[in-house]
Amino acid sequence: MMKSWAERAPKLVDVATGRAPADMVVRNVRWVNVHSGEIISGTDVAISAGRFAFVGPDASHAIGDGTEVIDGAGRYALPGLCDAHMHVESGMITVTEFARAVIPHGTTSMFIDPHEIANVLGMAGVKLMHDEAAGLPINVFVQMPSCVPSAPGLEHAGASLGPNEVREAMAWPNIIGLGEMMNFPGVAAGDANMLAEIAATQAAGKTVGGHYASKDLGLPFHGYVAGGPADDHEGTTLDDAIARVRQGMRAMLRLGSAWYDVAAQVKAVTERGLDSRHFVLCTDDSHSGTLVHEGHMNRVVRHAIAQGLNPVTAIQMATINTASHFGLERELGSITPGRRADLILTSDLPSLAVELVIARGKVMAKDGRLTADIPPYGYPDSARNTVRLGKSLTAENFDIPALEGANEVTARVIGVIENQAPTRALECELPVQDGLVGMDREGDVCQIALVERHRATGGVTNGFVSGFGYDKPCAVASTVAHDSHHMIVVGTDKKDMALAANRLAEVGGGVVVYSEGRELALVRLPIAGLMSDQRAEIVAEEADALITAMRDCGCTLNNAYMQHSLLALVVIPELRISDIGLIDVTRFEPTDLLVS
């Protein structure tokens, strides 16, 4: 546990003035000063009790017999990177294993919103992840989920949280604020429960996360901002970023495994000259394969620099800007006295190859490899065996009856947009055979089903989806189905769809691909049907096999699994599926599958 200021200040003062030796001194670095925007050569950094004590041209006075001295060799020293908004569950691994995966990439602070596990296990799930995060050797702060379910009346999650739970959580030691307020129509309409959650957070002096997933920047947007959310990561265009910053919000620009929203929005800084202090970088959702093969926040910073952003500015957006937003500027986000000693060494800023990672004054990783021992975290049995279908499914459960006497029907179809969270609301002509609506594989229209898995109702909601490109008999099923996390099954063959759904019930959750009655790939996610307790490298290997299997079935989308997992996200336009039916997310109401 970090010591209080009163306990640590005397030691820091003594080290800074030469009256006591430091625990560690990193010598001869080029100091990336995120406060002044400078790069200062010939700098030494002295660390004591997990904090920076002295940063200046010569720390010889702080070196004693027991001081560990690291030669910076003229490399750049920058603060440990911060992910301002993310969901650990999207990596398919636990908080501990996520930390193990990202520390070698230079991430030393994360602000996590565990609303995925909250939708399955409720307050107990949030508490599990809160306690796990608090025990880690890096900074993992937790935002209390705000919308469980994400859209009341349009879906049924495995749990329900409200203002009373938010008030309780605000007293927990590792809660940093309120997670993304996804019910933006509710806030704009003055919904009492949504405003009560925001009020409880503000009364605790903590930050309210935003999520305005609409292109309407008129009065609903202004009403939403007036309701209290302080940031937003759902922008995708230059106008989105400008509108948010002008209204006093932090624009969070995300580069996840499937979200590529930095390039368009960063032009607000590079071309329009807006004040970069109000822009923050984040990932939102990162697949385990991305973490292992491409990186984490270092990947986002590299990408931002490649868009023309000044390297120091990009680093500010991933360090001090984030810390300031959450009221933690005196705790982290810079290499300055008193802050937590989170530091990265790299030889080149644009490529940001992370060569050494120090967190809280301890060397954690070298040359891309974790060197610290981080023990696994055990989840209880209550967090497992959460997939309850109520019955074994058959192909007939995926039948869609046509209108009586019809030979062809017009159906509403969910249209996937590559690399973006929104979908399109399409209308397609589909054939009818033996009274059942068929798919159009040549036209890239296959079936989607949402299978209820929390209360064993046996419910199956059927619909159609386009954009995956499957051209073989196949099915992909997942118990990761943002945000209510039922089971989503997408396929071109109803027998394979039934086999895939039943397989996930058998193994307690995960993602599986079937083709012509044969299992091609399986990722087991036994914790709440969302996470594995295996190492990220193992899960990434399984996930790579999953993506390969989806491609073998004809899918050409970039990171199609992430797109698959969002098809039930009934807070992002335009068309989604839930356990109560097809949802028009422009009107926030159910709509008929077949156009009359």
# chains A, B, ... in the order shown; residues from 1 in each chain; ligands from 1
$ select_by_dssp --residues "stretch 271-319 of chain A" --states "helix (DSSP H, G or I)" --output "MDAnalysis selection string"
chainID A and resid 276:278 288:293 297:306 311:317
$ residues_around --residues "A:Ala200" --least-positions-apart "5" --cutoff "12 Å" --atoms "only C-alpha atoms" --output "CSV table (one decimal) with N, CA, C and O atoms, in the first residue's frame"
chain,number,residue,atom,x,y,z
A,144,MET,N,-17.0,2.7,-11.5
A,144,MET,CA,-18.2,1.9,-11.2
A,144,MET,C,-19.1,1.9,-12.4
A,144,MET,O,-19.5,3.0,-12.9
A,146,SER,N,-22.1,2.2,-14.8
A,146,SER,CA,-23.2,3.1,-14.6
A,146,SER,C,-24.5,2.6,-15.2
A,146,SER,O,-25.6,3.0,-14.7
A,162,GLY,N,-28.0,0.4,-9.8
A,162,GLY,CA,-28.7,1.7,-9.8
A,162,GLY,C,-28.0,2.7,-8.9
A,162,GLY,O,-26.9,2.4,-8.4
A,163,PRO,N,-28.7,3.8,-8.5
A,163,PRO,CA,-28.0,4.8,-7.7
A,163,PRO,C,-27.6,4.3,-6.4
A,163,PRO,O,-26.5,4.8,-5.9
A,164,ASN,N,-28.3,3.4,-5.7
A,164,ASN,CA,-27.8,2.9,-4.4
A,164,ASN,C,-26.5,2.2,-4.5
A,164,ASN,O,-25.6,2.4,-3.6
A,165,GLU,N,-26.4,1.4,-5.5
A,165,GLU,CA,-25.1,0.6,-5.7
A,165,GLU,C,-24.0,1.6,-6.0
A,165,GLU,O,-22.8,1.4,-5.6
A,166,VAL,N,-24.3,2.6,-6.8
A,166,VAL,CA,-23.2,3.6,-7.2
A,166,VAL,C,-22.8,4.3,-5.9
A,166,VAL,O,-21.6,4.5,-5.7
A,167,ARG,N,-23.7,4.7,-5.1
A,167,ARG,CA,-23.4,5.4,-3.8
A,167,ARG,C,-22.5,4.5,-3.0
A,167,ARG,O,-21.5,5.0,-2.3
A,168,GLU,N,-22.8,3.3,-2.9
A,168,GLU,CA,-22.0,2.3,-2.1
A,168,GLU,C,-20.6,2.2,-2.6
A,168,GLU,O,-19.6,2.3,-1.9
A,169,ALA,N,-20.5,2.1,-3.9
A,169,ALA,CA,-19.2,1.9,-4.6
A,169,ALA,C,-18.3,3.1,-4.4
A,169,ALA,O,-17.0,2.9,-4.4
A,170,MET,N,-18.8,4.3,-4.4
A,170,MET,CA,-18.0,5.5,-4.3
A,170,MET,C,-17.2,5.5,-3.0
A,170,MET,O,-16.2,6.3,-2.9
A,171,ALA,N,-17.5,4.7,-2.0
A,171,ALA,CA,-16.7,4.6,-0.8
A,171,ALA,C,-15.6,3.6,-0.9
A,171,ALA,O,-14.8,3.5,0.0
A,177,GLY,N,-14.3,6.7,-10.2
A,177,GLY,CA,-15.4,7.5,-10.7
A,177,GLY,C,-16.5,6.6,-11.3
A,177,GLY,O,-16.6,5.4,-11.0
A,178,LEU,N,-17.4,7.2,-12.1
A,178,LEU,CA,-18.5,6.4,-12.7
A,178,LEU,C,-18.1,6.0,-14.1
A,178,LEU,O,-17.6,6.8,-14.9
A,193,ASN,N,-32.9,8.2,-12.4
A,193,ASN,CA,-31.9,7.3,-12.0
A,193,ASN,C,-30.6,7.6,-12.5
A,193,ASN,O,-29.5,7.5,-11.8
A,194,MET,N,-30.5,8.0,-13.8
A,194,MET,CA,-29.2,8.3,-14.4
A,194,MET,C,-28.6,9.6,-13.7
A,194,MET,O,-27.4,9.6,-13.4
A,195,LEU,N,-29.4,10.6,-13.5
A,195,LEU,CA,-28.9,11.8,-12.9
A,195,LEU,C,-28.6,11.5,-11.4
A,195,LEU,O,-27.6,12.2,-10.9
A,205,GLY,N,-16.8,13.6,-5.3
A,205,GLY,CA,-15.6,14.3,-5.9
A,205,GLY,C,-14.9,13.5,-6.9
A,205,GLY,O,-13.7,13.6,-7.1
A,206,LYS,N,-15.6,12.6,-7.6
A,206,LYS,CA,-15.0,11.7,-8.6
A,206,LYS,C,-15.5,12.0,-10.0
A,206,LYS,O,-16.5,12.7,-10.2
A,207,THR,N,-14.9,11.4,-11.0
A,207,THR,CA,-15.1,11.7,-12.4
A,207,THR,C,-16.2,10.9,-13.0
A,207,THR,O,-16.3,9.7,-12.8
A,208,VAL,N,-17.1,11.5,-13.8
A,208,VAL,CA,-18.2,10.9,-14.5
A,208,VAL,C,-17.7,10.6,-15.9
A,208,VAL,O,-17.5,11.5,-16.7
A,228,GLY,N,-23.7,16.1,-16.9
A,228,GLY,CA,-22.5,15.9,-16.0
A,228,GLY,C,-21.4,15.0,-16.5
A,228,GLY,O,-20.3,15.1,-16.0
$ atom_distance --atom1 "atom CA of A:Val480" --atom2 "atom CA of A:Asp285"
12.4 Å
$ residues_around --residues "stretch 435-449 of chain A" --least-positions-apart "2" --cutoff "7 Å" --atoms "only C-alpha atoms" --output "MDAnalysis selection string"
chainID A and resid 399:402 430:433 451 460:467 469:471 488:492
$ atom_distance --atom1 "atom CA of A:Glu427" --atom2 "atom CA of A:Thr410"
6.4 Å
$ residues_around --residues "A:Leu393" --least-positions-apart "2" --cutoff "8 Å" --atoms "only C-alpha atoms" --output "number ranges by chain"
A: 391, 395, 397, 498-499, 501-502
$ write_last_selection --atoms "C-alpha atoms" --output "CSV table (one decimal), in the first residue's frame"
chain,number,residue,atom,x,y,z
A,391,LYS,CA,-32.5,-26.5,-22.9
A,395,ALA,CA,-31.7,-26.2,-35.7
A,397,ASN,CA,-34.8,-22.9,-32.7
A,498,ALA,CA,-27.2,-25.1,-32.6
A,499,LEU,CA,-24.0,-27.1,-32.2
A,501,ALA,CA,-24.5,-22.7,-28.8
A,502,ASN,CA,-24.7,-26.0,-27.0
$ select_by_dssp --residues "stretch 22-130 of chain A" --states "strand (DSSP E or B)" --output "PyMOL selection string"
chain A and resi 24-33+38-48+51-56+68-71+76-79+81-86+93+107-112
$ residues_around --residues "A:Leu370" --least-positions-apart "4" --cutoff "9 Å" --atoms "only C-alpha atoms" --output "PyMOL selection string"
chain A and resi 100-101+103-104+357+364-366
$ write_last_selection --atoms "N, CA and C atoms" --output "PDB file, in the first residue's frame"
ATOM      1  N   ARG A 100      -0.035  -8.253 -16.734  1.00  0.00           N
ATOM      2  CA  ARG A 100       1.179  -8.960 -17.152  1.00  0.00           C
ATOM      3  C   ARG A 100       1.452  -8.738 -18.643  1.00  0.00           C
ATOM      4  N   ALA A 101       0.384  -8.665 -19.435  1.00  0.00           N
ATOM      5  CA  ALA A 101       0.547  -8.512 -20.880  1.00  0.00           C
ATOM      6  C   ALA A 101       0.949  -7.106 -21.284  1.00  0.00           C
ATOM      7  N   ILE A 103       2.299  -4.469 -19.223  1.00  0.00           N
ATOM      8  CA  ILE A 103       3.442  -3.822 -18.570  1.00  0.00           C
ATOM      9  C   ILE A 103       4.671  -3.781 -19.487  1.00  0.00           C
ATOM     10  N   PRO A 104       5.022  -4.867 -20.183  1.00  0.00           N
ATOM     11  CA  PRO A 104       6.182  -4.779 -21.082  1.00  0.00           C
ATOM     12  C   PRO A 104       6.022  -3.754 -22.200  1.00  0.00           C
ATOM     13  N   VAL A 357      10.869  -0.771 -18.228  1.00  0.00           N
ATOM     14  CA  VAL A 357       9.664  -0.272 -17.559  1.00  0.00           C
ATOM     15  C   VAL A 357       9.871  -0.331 -16.055  1.00  0.00           C
ATOM     16  N   MET A 364      10.060  -3.575 -13.829  1.00  0.00           N
ATOM     17  CA  MET A 364       9.009  -4.551 -14.110  1.00  0.00           C
ATOM     18  C   MET A 364       9.240  -5.309 -15.410  1.00  0.00           C
ATOM     19  N   ALA A 365       9.900  -4.665 -16.391  1.00  0.00           N
ATOM     20  CA  ALA A 365      10.083  -5.316 -17.686  1.00  0.00           C
ATOM     21  C   ALA A 365      11.309  -4.754 -18.373  1.00  0.00           C
ATOM     22  N   LYS A 366      11.952  -5.615 -19.166  1.00  0.00           N
ATOM     23  CA  LYS A 366      13.107  -5.205 -19.966  1.00  0.00           C
ATOM     24  C   LYS A 366      12.961  -5.761 -21.372  1.00  0.00           C
TER      25      LYS A 366
END
$ closest_residue --among "A:Gly209, A:Gly37, A:Pro185, A:Gly64" --to "A:Pro311" --atoms "only C-alpha atoms"
A:Gly37
$ residues_around --residues "stretch 51-63 of chain A" --least-positions-apart "5" --cutoff "10 Å" --atoms "only C-alpha atoms" --output "PDB file with C-alpha atoms, in the first residue's frame"
ATOM      1  CA  MET A   2       1.255   3.466  -0.903  1.00  0.00           C
ATOM      2  CA  ARG A   8       6.682   9.807   2.584  1.00  0.00           C
ATOM      3  CA  ALA A   9       7.438  13.550   2.272  1.00  0.00           C
ATOM      4  CA  LYS A  11      12.172  10.858   3.017  1.00  0.00           C
ATOM      5  CA  LEU A  12      11.634  12.417  -0.415  1.00  0.00           C
ATOM      6  CA  VAL A  13      12.949  15.761   0.850  1.00  0.00           C
ATOM      7  CA  ASP A  14      15.994  14.095   2.394  1.00  0.00           C
ATOM      8  CA  VAL A  15      16.814  12.249  -0.847  1.00  0.00           C
ATOM      9  CA  ALA A  16      16.286  15.363  -2.965  1.00  0.00           C
ATOM     10  CA  THR A  17      18.654  17.393  -0.785  1.00  0.00           C
ATOM     11  CA  GLY A  18      21.322  14.719  -0.351  1.00  0.00           C
ATOM     12  CA  ARG A  19      20.636  13.859   3.296  1.00  0.00           C
ATOM     13  CA  ALA A  20      19.576  10.294   2.453  1.00  0.00           C
ATOM     14  CA  PRO A  21      20.358   7.871  -0.378  1.00  0.00           C
ATOM     15  CA  ALA A  22      17.819   6.972  -3.019  1.00  0.00           C
ATOM     16  CA  ASP A  23      16.627   3.433  -3.618  1.00  0.00           C
ATOM     17  CA  MET A  24      17.299   3.809  -7.340  1.00  0.00           C
ATOM     18  CA  VAL A  25      18.895   6.362  -9.651  1.00  0.00           C
ATOM     19  CA  VAL A  26      18.446   6.324 -13.412  1.00  0.00           C
ATOM     20  CA  ARG A  27      21.317   8.333 -14.915  1.00  0.00           C
ATOM     21  CA  ASN A  28      21.852  10.186 -18.168  1.00  0.00           C
ATOM     22  CA  VAL A  29      18.440  10.241 -19.789  1.00  0.00           C
ATOM     23  CA  TRP A  31      13.778  13.705 -19.855  1.00  0.00           C
ATOM     24  CA  ILE A  40      15.928  17.798 -21.460  1.00  0.00           C
ATOM     25  CA  SER A  41      19.172  15.924 -22.041  1.00  0.00           C
ATOM     26  CA  GLY A  42      21.658  14.877 -19.352  1.00  0.00           C
ATOM     27  CA  THR A  43      19.016  14.282 -16.681  1.00  0.00           C
ATOM     28  CA  ASP A  44      19.222  11.974 -13.658  1.00  0.00           C
ATOM     29  CA  VAL A  45      16.184  10.600 -11.855  1.00  0.00           C
ATOM     30  CA  ALA A  46      16.297   9.563  -8.175  1.00  0.00           C
ATOM     31  CA  GLU A  68      20.561   0.678  -7.534  1.00  0.00           C
ATOM     32  CA  VAL A  69      22.035   2.675 -10.420  1.00  0.00           C
ATOM     33  CA  GLU A 331       0.026  11.176  -8.126  1.00  0.00           C
ATOM     34  CA  LEU A 332       1.041  10.067 -11.598  1.00  0.00           C
ATOM     35  CA  SER A 334       4.783  12.775 -15.116  1.00  0.00           C
ATOM     36  CA  ILE A 335       8.400  12.292 -14.078  1.00  0.00           C
ATOM     37  CA  THR A 336       8.422  14.904 -11.343  1.00  0.00           C
ATOM     38  CA  PRO A 337       9.060  14.837  -7.574  1.00  0.00           C
ATOM     39  CA  GLY A 338       6.368  13.284  -5.419  1.00  0.00           C
ATOM     40  CA  ARG A 339       4.693  11.316  -8.192  1.00  0.00           C
ATOM     41  CA  ARG A 340       4.632   7.542  -8.363  1.00  0.00           C
ATOM     42  CA  ALA A 341       7.852   6.377  -9.969  1.00  0.00           C
ATOM     43  CA  ASP A 342       6.401   5.040 -13.229  1.00  0.00           C
ATOM     44  CA  LEU A 343       8.939   5.425 -16.029  1.00  0.00           C
ATOM     45  CA  ALA A 359       6.501   0.985 -11.942  1.00  0.00           C
ATOM     46  CA  ARG A 360       6.330   2.375  -8.422  1.00  0.00           C
ATOM     47  CA  GLY A 361      10.116   2.354  -8.315  1.00  0.00           C
TER      48      GLY A 361
END
$ residues_around --residues "stretch 545-561 of chain A" --least-positions-apart "6" --cutoff "9 Å" --atoms "only C-alpha atoms" --output "list of chain:residue names"
A:Ser257, A:Ala258, A:His287, A:Glu418, A:Asn419, A:Gly467, A:Phe468, A:Gly469, A:Tyr470, A:Asp471, A:Lys472, A:Pro473, A:Cys474, A:Ala475, A:Val476, A:Ser478, A:Val511, A:Val512, A:Val513, A:Tyr514, A:Ser515, A:Leu520, A:Ala521, A:Leu522, A:Val523
$ write_last_selection --atoms "C-alpha atoms" --output "PDB file, in the first residue's frame"
ATOM      1  CA  SER A 257      -8.478  -3.786 -31.782  1.00  0.00           C
ATOM      2  CA  ALA A 258     -11.420  -2.794 -33.957  1.00  0.00           C
ATOM      3  CA  HIS A 287      -8.191  -8.191 -27.990  1.00  0.00           C
ATOM      4  CA  GLU A 418     -15.586  -2.386 -40.514  1.00  0.00           C
ATOM      5  CA  ASN A 419     -13.391  -0.840 -37.776  1.00  0.00           C
ATOM      6  CA  GLY A 467     -20.933  -7.774 -43.556  1.00  0.00           C
ATOM      7  CA  PHE A 468     -19.043 -10.838 -42.327  1.00  0.00           C
ATOM      8  CA  GLY A 469     -18.698 -12.427 -45.766  1.00  0.00           C
ATOM      9  CA  TYR A 470     -19.204 -16.045 -44.642  1.00  0.00           C
ATOM     10  CA  ASP A 471     -19.452 -18.210 -47.770  1.00  0.00           C
ATOM     11  CA  LYS A 472     -19.426 -21.697 -46.256  1.00  0.00           C
ATOM     12  CA  PRO A 473     -21.798 -23.576 -43.928  1.00  0.00           C
ATOM     13  CA  CYS A 474     -20.652 -22.325 -40.531  1.00  0.00           C
ATOM     14  CA  ALA A 475     -21.527 -20.729 -37.203  1.00  0.00           C
ATOM     15  CA  VAL A 476     -19.707 -18.554 -34.685  1.00  0.00           C
ATOM     16  CA  SER A 478     -19.855 -16.140 -28.255  1.00  0.00           C
ATOM     17  CA  VAL A 511     -16.156 -18.350 -28.360  1.00  0.00           C
ATOM     18  CA  VAL A 512     -16.433 -21.231 -30.804  1.00  0.00           C
ATOM     19  CA  VAL A 513     -16.501 -21.765 -34.576  1.00  0.00           C
ATOM     20  CA  TYR A 514     -18.274 -24.695 -36.238  1.00  0.00           C
ATOM     21  CA  SER A 515     -18.436 -25.682 -39.884  1.00  0.00           C
ATOM     22  CA  LEU A 520     -12.798 -25.526 -35.881  1.00  0.00           C
ATOM     23  CA  ALA A 521     -11.729 -23.369 -32.934  1.00  0.00           C
ATOM     24  CA  LEU A 522     -12.621 -22.809 -29.292  1.00  0.00           C
ATOM     25  CA  VAL A 523     -11.584 -20.189 -26.747  1.00  0.00           C
TER      26      VAL A 523
END
$ closest_residue --among "A:Ala383, A:Ala133, A:Val312, A:Cys282" --to "A:Pro350" --atoms "only C-alpha atoms"
A:Val312
$ atom_distance --atom1 "atom CA of A:Cys428" --atom2 "atom CA of A:Val409"
8.2 Å
$ decode --residues "stretch 115-147 of chain A" --atoms "N, CA and C atoms" --output "PDB file, in the first residue's frame"
ATOM      1  N   HIS A 115     -17.972  -3.091 -16.621  1.00  0.00           N
ATOM      2  CA  HIS A 115     -19.408  -3.291 -16.773  1.00  0.00           C
ATOM      3  C   HIS A 115     -19.750  -4.581 -17.508  1.00  0.00           C
ATOM      4  N   GLU A 116     -18.759  -5.257 -18.085  1.00  0.00           N
ATOM      5  CA  GLU A 116     -19.049  -6.554 -18.694  1.00  0.00           C
ATOM      6  C   GLU A 116     -19.372  -7.587 -17.598  1.00  0.00           C
ATOM      7  N   ILE A 117     -18.468  -7.713 -16.636  1.00  0.00           N
ATOM      8  CA  ILE A 117     -18.733  -8.681 -15.566  1.00  0.00           C
ATOM      9  C   ILE A 117     -19.907  -8.231 -14.708  1.00  0.00           C
ATOM     10  N   ALA A 118     -20.143  -6.911 -14.620  1.00  0.00           N
ATOM     11  CA  ALA A 118     -21.290  -6.409 -13.856  1.00  0.00           C
ATOM     12  C   ALA A 118     -22.599  -6.870 -14.475  1.00  0.00           C
ATOM     13  N   ASN A 119     -22.664  -6.960 -15.788  1.00  0.00           N
ATOM     14  CA  ASN A 119     -23.881  -7.402 -16.454  1.00  0.00           C
ATOM     15  C   ASN A 119     -24.166  -8.880 -16.240  1.00  0.00           C
ATOM     16  N   VAL A 120     -23.143  -9.627 -15.835  1.00  0.00           N
ATOM     17  CA  VAL A 120     -23.320 -11.053 -15.573  1.00  0.00           C
ATOM     18  C   VAL A 120     -23.483 -11.323 -14.077  1.00  0.00           C
ATOM     19  N   LEU A 121     -22.600 -10.744 -13.262  1.00  0.00           N
ATOM     20  CA  LEU A 121     -22.557 -11.073 -11.832  1.00  0.00           C
ATOM     21  C   LEU A 121     -22.958  -9.925 -10.918  1.00  0.00           C
ATOM     22  N   GLY A 122     -23.252  -8.762 -11.474  1.00  0.00           N
ATOM     23  CA  GLY A 122     -23.695  -7.642 -10.661  1.00  0.00           C
ATOM     24  C   GLY A 122     -22.602  -7.084  -9.767  1.00  0.00           C
ATOM     25  N   MET A 123     -23.012  -6.614  -8.592  1.00  0.00           N
ATOM     26  CA  MET A 123     -22.085  -5.958  -7.677  1.00  0.00           C
ATOM     27  C   MET A 123     -20.960  -6.898  -7.244  1.00  0.00           C
ATOM     28  N   ALA A 124     -21.257  -8.173  -7.125  1.00  0.00           N
ATOM     29  CA  ALA A 124     -20.230  -9.140  -6.707  1.00  0.00           C
ATOM     30  C   ALA A 124     -19.107  -9.208  -7.741  1.00  0.00           C
ATOM     31  N   GLY A 125     -19.466  -9.128  -9.019  1.00  0.00           N
ATOM     32  CA  GLY A 125     -18.449  -9.154 -10.058  1.00  0.00           C
ATOM     33  C   GLY A 125     -17.582  -7.907 -10.051  1.00  0.00           C
ATOM     34  N   VAL A 126     -18.207  -6.740  -9.829  1.00  0.00           N
ATOM     35  CA  VAL A 126     -17.444  -5.495  -9.743  1.00  0.00           C
ATOM     36  C   VAL A 126     -16.467  -5.559  -8.580  1.00  0.00           C
ATOM     37  N   LYS A 127     -16.928  -6.075  -7.449  1.00  0.00           N
ATOM     38  CA  LYS A 127     -16.078  -6.161  -6.260  1.00  0.00           C
ATOM     39  C   LYS A 127     -14.893  -7.103  -6.502  1.00  0.00           C
ATOM     40  N   LEU A 128     -15.107  -8.195  -7.210  1.00  0.00           N
ATOM     41  CA  LEU A 128     -14.017  -9.112  -7.516  1.00  0.00           C
ATOM     42  C   LEU A 128     -12.922  -8.407  -8.309  1.00  0.00           C
ATOM     43  N   MET A 129     -13.310  -7.675  -9.348  1.00  0.00           N
ATOM     44  CA  MET A 129     -12.314  -7.004 -10.166  1.00  0.00           C
ATOM     45  C   MET A 129     -11.697  -5.819  -9.439  1.00  0.00           C
ATOM     46  N   HIS A 130     -12.465  -5.138  -8.609  1.00  0.00           N
ATOM     47  CA  HIS A 130     -11.941  -4.034  -7.795  1.00  0.00           C
ATOM     48  C   HIS A 130     -10.832  -4.535  -6.873  1.00  0.00           C
ATOM     49  N   ASP A 131     -11.090  -5.631  -6.195  1.00  0.00           N
ATOM     50  CA  ASP A 131     -10.111  -6.153  -5.242  1.00  0.00           C
ATOM     51  C   ASP A 131      -8.881  -6.702  -5.958  1.00  0.00           C
ATOM     52  N   GLU A 132      -9.090  -7.346  -7.088  1.00  0.00           N
ATOM     53  CA  GLU A 132      -7.959  -7.854  -7.862  1.00  0.00           C
ATOM     54  C   GLU A 132      -7.076  -6.701  -8.330  1.00  0.00           C
ATOM     55  N   ALA A 133      -7.699  -5.657  -8.844  1.00  0.00           N
ATOM     56  CA  ALA A 133      -6.950  -4.500  -9.354  1.00  0.00           C
ATOM     57  C   ALA A 133      -6.142  -3.834  -8.251  1.00  0.00           C
ATOM     58  N   ALA A 134      -6.727  -3.738  -7.064  1.00  0.00           N
ATOM     59  CA  ALA A 134      -6.063  -3.042  -5.955  1.00  0.00           C
ATOM     60  C   ALA A 134      -4.795  -3.744  -5.507  1.00  0.00           C
ATOM     61  N   GLY A 135      -4.672  -5.027  -5.778  1.00  0.00           N
ATOM     62  CA  GLY A 135      -3.515  -5.771  -5.319  1.00  0.00           C
ATOM     63  C   GLY A 135      -2.368  -5.837  -6.305  1.00  0.00           C
ATOM     64  N   LEU A 136      -2.490  -5.161  -7.435  1.00  0.00           N
ATOM     65  CA  LEU A 136      -1.463  -5.254  -8.475  1.00  0.00           C
ATOM     66  C   LEU A 136      -0.339  -4.239  -8.258  1.00  0.00           C
ATOM     67  N   PRO A 137       0.845  -4.483  -8.812  1.00  0.00           N
ATOM     68  CA  PRO A 137       1.990  -3.576  -8.610  1.00  0.00           C
ATOM     69  C   PRO A 137       1.999  -2.384  -9.560  1.00  0.00           C
ATOM     70  N   ILE A 138       0.955  -2.229 -10.389  1.00  0.00           N
ATOM     71  CA  ILE A 138       0.780  -1.023 -11.189  1.00  0.00           C
ATOM     72  C   ILE A 138      -0.536  -0.380 -10.787  1.00  0.00           C
ATOM     73  N   ASN A 139      -0.844   0.763 -11.365  1.00  0.00           N
ATOM     74  CA  ASN A 139      -2.026   1.519 -10.967  1.00  0.00           C
ATOM     75  C   ASN A 139      -3.226   1.111 -11.820  1.00  0.00           C
ATOM     76  N   VAL A 140      -4.157   0.399 -11.224  1.00  0.00           N
ATOM     77  CA  VAL A 140      -5.361  -0.009 -11.933  1.00  0.00           C
ATOM     78  C   VAL A 140      -6.556   0.529 -11.151  1.00  0.00           C
ATOM     79  N   PHE A 141      -7.129   1.610 -11.661  1.00  0.00           N
ATOM     80  CA  PHE A 141      -8.268   2.249 -11.010  1.00  0.00           C
ATOM     81  C   PHE A 141      -9.557   1.750 -11.653  1.00  0.00           C
ATOM     82  N   VAL A 142     -10.609   1.687 -10.855  1.00  0.00           N
ATOM     83  CA  VAL A 142     -11.862   1.095 -11.321  1.00  0.00           C
ATOM     84  C   VAL A 142     -12.951   2.158 -11.363  1.00  0.00           C
ATOM     85  N   GLN A 143     -13.677   2.178 -12.474  1.00  0.00           N
ATOM     86  CA  GLN A 143     -14.863   3.018 -12.593  1.00  0.00           C
ATOM     87  C   GLN A 143     -16.090   2.155 -12.308  1.00  0.00           C
ATOM     88  N   MET A 144     -16.977   2.651 -11.468  1.00  0.00           N
ATOM     89  CA  MET A 144     -18.192   1.910 -11.154  1.00  0.00           C
ATOM     90  C   MET A 144     -19.120   1.905 -12.362  1.00  0.00           C
ATOM     91  N   PRO A 145     -19.516   0.716 -12.850  1.00  0.00           N
ATOM     92  CA  PRO A 145     -20.417   0.667 -14.009  1.00  0.00           C
ATOM     93  C   PRO A 145     -21.699   1.459 -13.765  1.00  0.00           C
ATOM     94  N   SER A 146     -22.088   2.230 -14.772  1.00  0.00           N
ATOM     95  CA  SER A 146     -23.227   3.134 -14.617  1.00  0.00           C
ATOM     96  C   SER A 146     -24.522   2.590 -15.185  1.00  0.00           C
ATOM     97  N   CYS A 147     -24.424   1.740 -16.186  1.00  0.00           N
ATOM     98  CA  CYS A 147     -25.622   1.321 -16.917  1.00  0.00           C
ATOM     99  C   CYS A 147     -25.691  -0.195 -16.989  1.00  0.00           C
TER     100      CYS A 147
END
